[in-house]
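Peer 1: First the structure, which I've put down as structure tokens, then a few questions once you've had a look.
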Amino acid sequence: MRDLAHSADALSRDLLDWYDVHARAMPWRVAPADRAQGVIPDPYRIWLSEVMLQQTTVAAVKDYFERFTRRWPTVTDLAAAQDADVMGEWAGLGYYARARNLLKCARVISTERDGRFPDSYEELIGLPGIGPYTAAAVAAIAFDRPETVLDGNVERVMARLHDEHAPLPGVKPILKAHAAALTPQHRPGDYAQAVMDLGATICTPKSPACGICPWRAPCRARTEGTAADLPRKTPKKPKPTRHGIVYIARSECGDWLLERRPDKGLLGGMLGWPGTDWEAAPSEAAPFDADWTPAPAEVRHTFTHFHLILQIRTATLPAGFVTEANQELLRRHDFRPSDLPTVMRKAYDLVRDTLC
DNA sequence: TAAGCGTGGGG
DNA sequence: TCCCCAAGCTT
């Protein structure tokens with residue numbers, strides 16, 4: 001790989017100068033001015049925010065972060081929480097394995113490390129839910145270690161800065177090397193956040209604002225006019241459409257019949273309505289015999305790798321109904337629709353007025 | 001290693 | 001409407 005015309009020191013300095021002025025305020029972030037005054041970030045809040053931010057936008061995370069930290073102010077508080085409460089608070093944020101691993105990790109930190117987070121990449125990586133990105137991010141942001149973060153933003157910024165045309169994910173090691181070469185020993189925590197802010201606000205996927213970029217001078221893709229086309233990616237597979245049926249039942253006194261989904265797989269560990277598997281063609285699988293009423297509308301929902309069309313049936317639960325091991329009968333005041341993953345809440349929203 | 005794993009917003 | 005994408009991890 002060729003070196004840039006500008007030194008790594010000059011680049012990191014220019015970016016930190018830009019960050020000092022343009023750093024976005026976030027609930028978990030210590031502003032650069034406060035950091036300069038000696039304010040230290042709370043590793044628990046940095047870790048929690050980074051896990052929430054995996055494949056998730058800042059806008060989507062903010063409210064969840066506020067609710068989590070209000071309810072569980074420390075990692076020890078979180079470790080002591082009920083599984084169902086944590087899954088319920090995570091509902092709607094997606095990628096639910098994150099919530100299960102979050103709780104596992106909190107319990108390891110709480111019981112095996114006296115509630116204190118490790119401060120190095122090597123000790124962080126491999127904790128439940130902490131991979132290469134999150135380990136580097138926590139080490140850099142919470143502990144100001146000179147680790148290199150490589151997320152989608154940094155990949156894009158590096159691909160453009162060096163005009164790398166080879167497609168992701170194959171080119172990732174090259175981009176990581178480019179990023180590592182720029183990581184400074186001075187203020188590495190602020191620098192890590194600065195590169196990501198740059199990618200999120202200036203070096204955006206479409207129509208990047210090259211004219212106001214602190215790296216406009218050294219950027220090769222800007223010179224070549226290729227910025228908007230980078231990084232290249234290998235084409236994605238088309239999403240198939242699957243079908244299913246959910247069965248929403250209430251007892252005479254208003255209790256709701258729900259199921260706790262198995263930990264592994266789609267929506268693992270989350271609450272949901274009893275229903276069929278989701279496959280190419282639906283087949284009935286009612287949780288009990290009844291005169292099930294088809295709902296007039298159906299749920300359309302898209303997951304990471306397939307589209308789903310979900311029919312809904314409703315019925316009244318027979319008196320004396322006995323729940324299976326994975327089922328729960330939730331009293332009207334104990335049932336919070338916000339505890340449901342979005343696809344299940346959509347089904348609820350379509351029938352709630354006819355059942356309440 | 002490539003596939004599985006959510007959701008909401010923007011162009 | 002549809003596709004892309006977002007501070008990735010696990011198996």
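Residues are named by chain letter and number: chains run A, B, ... in the order of the structure tokens, numbers start at 1 in each chain, and ligands are numbered from 1 in the order shown.
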Taking only C-alpha atoms (C1' of nucleotides) into account, what are the residues of chain A at most 10 Å from chain B, put as a short mmCIF file (atom, residue, chain, number, x, y, z; two decimals) with N, CA and C atoms, in the first residue's frame?

Peer 2:
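Output below, filename iface08.cif:
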data_model
loop_
_atom_site.label_atom_id
_atom_site.label_comp_id
_atom_site.auth_asym_id
_atom_site.auth_seq_id
_atom_site.Cartn_x
_atom_site.Cartn_y
_atom_site.Cartn_z
N GLN A 55 -24.53 -2.16 14.77
CA GLN A 55 -25.46 -2.21 13.64
C GLN A 55 -26.73 -1.41 13.90
N THR A 56 -26.63 -0.39 14.72
CA THR A 56 -27.82 0.36 15.13
C THR A 56 -27.47 1.85 15.17
N THR A 57 -28.40 2.68 14.73
CA THR A 57 -28.12 4.11 14.63
C THR A 57 -28.15 4.80 16.00
N ALA A 59 -29.58 7.54 16.73
CA ALA A 59 -30.93 8.01 17.01
C ALA A 59 -31.78 6.92 17.66
N ALA A 60 -31.62 5.69 17.17
CA ALA A 60 -32.42 4.59 17.71
C ALA A 60 -31.98 4.22 19.12
N ALA A 91 -36.58 -4.82 23.95
CA ALA A 91 -37.56 -5.09 22.89
C ALA A 91 -37.68 -3.90 21.95
N GLY A 92 -37.60 -4.17 20.66
CA GLY A 92 -37.71 -3.12 19.64
C GLY A 92 -36.37 -2.68 19.10
N LEU A 93 -35.30 -2.97 19.83
CA LEU A 93 -33.97 -2.53 19.39
C LEU A 93 -33.34 -3.52 18.41
N GLY A 94 -33.79 -4.77 18.45
CA GLY A 94 -33.31 -5.76 17.48
C GLY A 94 -32.04 -6.48 17.90
N TYR A 95 -31.68 -7.47 17.10
CA TYR A 95 -30.49 -8.31 17.37
C TYR A 95 -30.46 -8.70 18.84
N TYR A 96 -31.43 -9.55 19.23
CA TYR A 96 -31.67 -9.81 20.64
C TYR A 96 -30.59 -10.64 21.31
N ALA A 97 -29.72 -11.29 20.52
CA ALA A 97 -28.57 -11.97 21.12
C ALA A 97 -27.71 -10.97 21.89
N ARG A 98 -27.75 -9.70 21.44
CA ARG A 98 -26.99 -8.68 22.16
C ARG A 98 -27.45 -8.55 23.60
N LYS A 206 -23.78 8.21 0.93
CA LYS A 206 -24.18 8.88 -0.30
C LYS A 206 -23.88 10.37 -0.20
N GLY A 265 -31.65 -18.64 18.00
CA GLY A 265 -32.46 -18.39 16.81
C GLY A 265 -33.13 -17.04 16.81
N LEU A 266 -33.98 -16.85 15.82
CA LEU A 266 -34.65 -15.57 15.59
C LEU A 266 -35.47 -15.14 16.80
N LEU A 267 -35.31 -13.89 17.22
CA LEU A 267 -36.04 -13.33 18.36
C LEU A 267 -35.82 -14.16 19.62
N GLY A 268 -34.64 -14.77 19.73
CA GLY A 268 -34.34 -15.67 20.83
C GLY A 268 -34.48 -15.01 22.19
N HIS A 301 -43.49 -7.63 7.50
CA HIS A 301 -42.30 -7.27 8.28
C HIS A 301 -41.08 -7.83 7.56
N THR A 302 -39.98 -7.08 7.60
CA THR A 302 -38.76 -7.55 6.95
C THR A 302 -37.66 -7.74 7.98
N PHE A 303 -37.13 -8.96 8.01
CA PHE A 303 -35.98 -9.26 8.85
C PHE A 303 -34.71 -9.11 8.02
N THR A 304 -33.57 -9.41 8.65
CA THR A 304 -32.30 -9.26 7.95
C THR A 304 -32.26 -10.08 6.67
N HIS A 305 -32.81 -11.29 6.69
CA HIS A 305 -32.62 -12.16 5.53
C HIS A 305 -33.90 -12.71 4.94
N PRO A 341 -41.01 -7.89 20.77
CA PRO A 341 -40.25 -7.49 19.59
C PRO A 341 -41.21 -6.90 18.56
N THR A 342 -40.68 -6.08 17.67
CA THR A 342 -41.53 -5.26 16.83
C THR A 342 -42.53 -6.07 16.00
N VAL A 343 -42.09 -7.19 15.46
CA VAL A 343 -43.01 -7.95 14.60
C VAL A 343 -44.22 -8.43 15.41
#

Peer 1: List every residue of chain A that has an atom at most 10 Å from any atom of chain C, giving for each one its closest atom pair and the distance in Å to one decimal, counting only C-alpha atoms (C1' of nucleotides), sorted by chain and then by ascending residue number, as a Markdown table.

Peer 2:
| residue | atom | partner | partner_atom | distance |
| --- | --- | --- | --- | --- |
| A:Ser49 | CA | C:DA7 | C1' | 8.7 |
| A:Glu50 | CA | C:DA7 | C1' | 6.2 |
| A:Val51 | CA | C:DA7 | C1' | 8.5 |
| A:Met52 | CA | C:DA7 | C1' | 8.7 |
| A:Leu53 | CA | C:DA7 | C1' | 5.2 |
| A:Gln54 | CA | C:DG8 | C1' | 5.4 |
| A:Gln55 | CA | C:DA6 | C1' | 4.7 |
| A:Thr56 | CA | C:DA6 | C1' | 4.6 |
| A:Thr57 | CA | C:DA6 | C1' | 4.8 |
| A:Val58 | CA | C:DA7 | C1' | 8.1 |
| A:Ala59 | CA | C:DA6 | C1' | 9.9 |
| A:Ala60 | CA | C:DA6 | C1' | 9.6 |
| A:Tyr95 | CA | C:DC9 | C1' | 9.8 |
| A:Ala97 | CA | C:DC9 | C1' | 8.7 |
| A:Arg98 | CA | C:DC9 | C1' | 8.2 |
| A:Asn101 | CA | C:DC9 | C1' | 9.7 |
| A:Pro128 | CA | C:DC9 | C1' | 9.0 |
| A:Gly129 | CA | C:DC9 | C1' | 6.1 |
| A:Ile130 | CA | C:DC9 | C1' | 7.2 |
| A:Gly131 | CA | C:DC9 | C1' | 6.1 |
| A:Pro132 | CA | C:DG8 | C1' | 8.6 |
| A:Tyr133 | CA | C:DG8 | C1' | 7.2 |
| A:Thr134 | CA | C:DG8 | C1' | 8.2 |
| A:Ala137 | CA | C:DA7 | C1' | 8.3 |
| A:Val149 | CA | C:DA7 | C1' | 9.0 |
| A:Leu150 | CA | C:DA7 | C1' | 9.0 |
| A:Asp151 | CA | C:DA7 | C1' | 6.4 |
| A:Gly152 | CA | C:DA7 | C1' | 7.9 |
| A:Asn153 | CA | C:DA7 | C1' | 7.9 |
| A:Val154 | CA | C:DA7 | C1' | 9.5 |
| A:Ala192 | CA | C:DA7 | C1' | 10.0 |
| A:Gln193 | CA | C:DA7 | C1' | 8.6 |
| A:Met196 | CA | C:DA7 | C1' | 7.0 |
| A:Asp197 | CA | C:DA7 | C1' | 9.2 |
| A:Ala200 | CA | C:DA6 | C1' | 9.3 |
| A:Pro205 | CA | C:DC5 | C1' | 8.3 |
| A:Lys206 | CA | C:DC4 | C1' | 9.9 |

Peer 1: Do a neighbour search on His162 (chain A) at 10 Å with only C-alpha atoms (C1' of nucleotides), toss out local chain neighbours closer than 4 positions, and write the hits as number ranges by chain.

Peer 2: A: 1-4, 157-158, 175, 178, 218-222

Peer 1: Taking 6 positions as the minimum chain separation for residues in the same chain, which residues sit within 12 Å of Thr183 (chain A) when counting only C-alpha atoms (C1' of nucleotides)? Answer as a list in words.

Peer 2: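 The filter keeps Ser7, Ala8, Asp9, Ala10, Leu11, Ser12, Arg13, Leu15, Leu16, Ala136, Ala140, Asp144, Arg145, Pro146, Glu147, Thr148, Val149, Leu150, Val154, Lys176, Ala177, Gly189, Asp190, Tyr191, Ala192, Gln193, Ala194 and Val195 of chain A.
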
Peer 1: Any chance you could list, as number ranges by chain, the residues in region 93-217 of chain A that come up alpha helix (DSSP H) when DSSP is run on the backbone?

Peer 2: A: 97-112, 121-124, 132-143, 152-161, 172-182, 188-201

Peer 1: Which parts of region 88-305 of chain A does DSSP call strand (DSSP E) when run on the backbone here, written out as a list in words?

Peer 2: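 Those in region 88-305 of chain A that DSSP calls strand (DSSP E) are Thr241, Arg242, His243, Gly244, Ile245, Val246, Tyr247, Ile248, Ala249, Arg250, Trp256, Leu257, Leu258, Glu259, Arg260, Leu271, Gly272, Thr293, Pro294, Val299, Arg300, His301 and Thr302 of chain A.
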
Peer 1: Can you list, as a PyMOL selection string, every protein, DNA or RNA residue that comes within 8 Å of Leu168 (chain A) when you count only C-alpha atoms (C1' of nucleotides), leaving out same-chain residues fewer than 4 positions away?

Peer 2: chain A and resi 172+231-234

Peer 1: Between CA of Cys213 (chain A) and CA of Ala36 (chain A), measure the distance and give it in Å to one decimal.

Peer 2: 23.8 Å

Peer 1: For Asp34 (chain A), work out the shell of residues within 12 Å, counting only C-alpha atoms (C1' of nucleotides) and skipping chain neighbours fewer than 4 positions away, then give it as a JSON list (two decimals) with C-alpha atoms, in the first residue's frame.

Peer 2:
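Written out: around-v2.json:
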[["chain", "number", "residue", "atom", "x", "y", "z"],
["A", 20, "ASP", "CA", -12.92, 19.62, 19.24],
["A", 23, "ALA", "CA", -18.11, 16.56, 18.33],
["A", 25, "ALA", "CA", -23.31, 15.46, 22.02],
["A", 29, "ARG", "CA", -20.08, 10.70, 25.58],
["A", 30, "VAL", "CA", -17.62, 12.83, 27.57],
["A", 38, "GLY", "CA", -9.81, 15.42, 33.40],
["A", 39, "VAL", "CA", -13.35, 14.02, 33.30],
["A", 40, "ILE", "CA", -13.18, 10.22, 32.95],
["A", 41, "PRO", "CA", -15.86, 8.21, 31.11],
["A", 190, "ASP", "CA", -11.19, 11.14, 21.21]]

Peer 1: Have a look at CA of Gly225 (chain A) and CA of Leu182 (chain A) and let me know their distance in Å, one decimal.

Peer 2: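 So the answer is 22.8 Å.
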
Peer 1: Report, in Å with one decimal, the straight-line distance from CA of Ala286 (chain A) to CA of Val322 (chain A).

Peer 2: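 Atom-to-atom, CA of Ala286 (chain A) to CA of Val322 (chain A), that is 14.5 Å.
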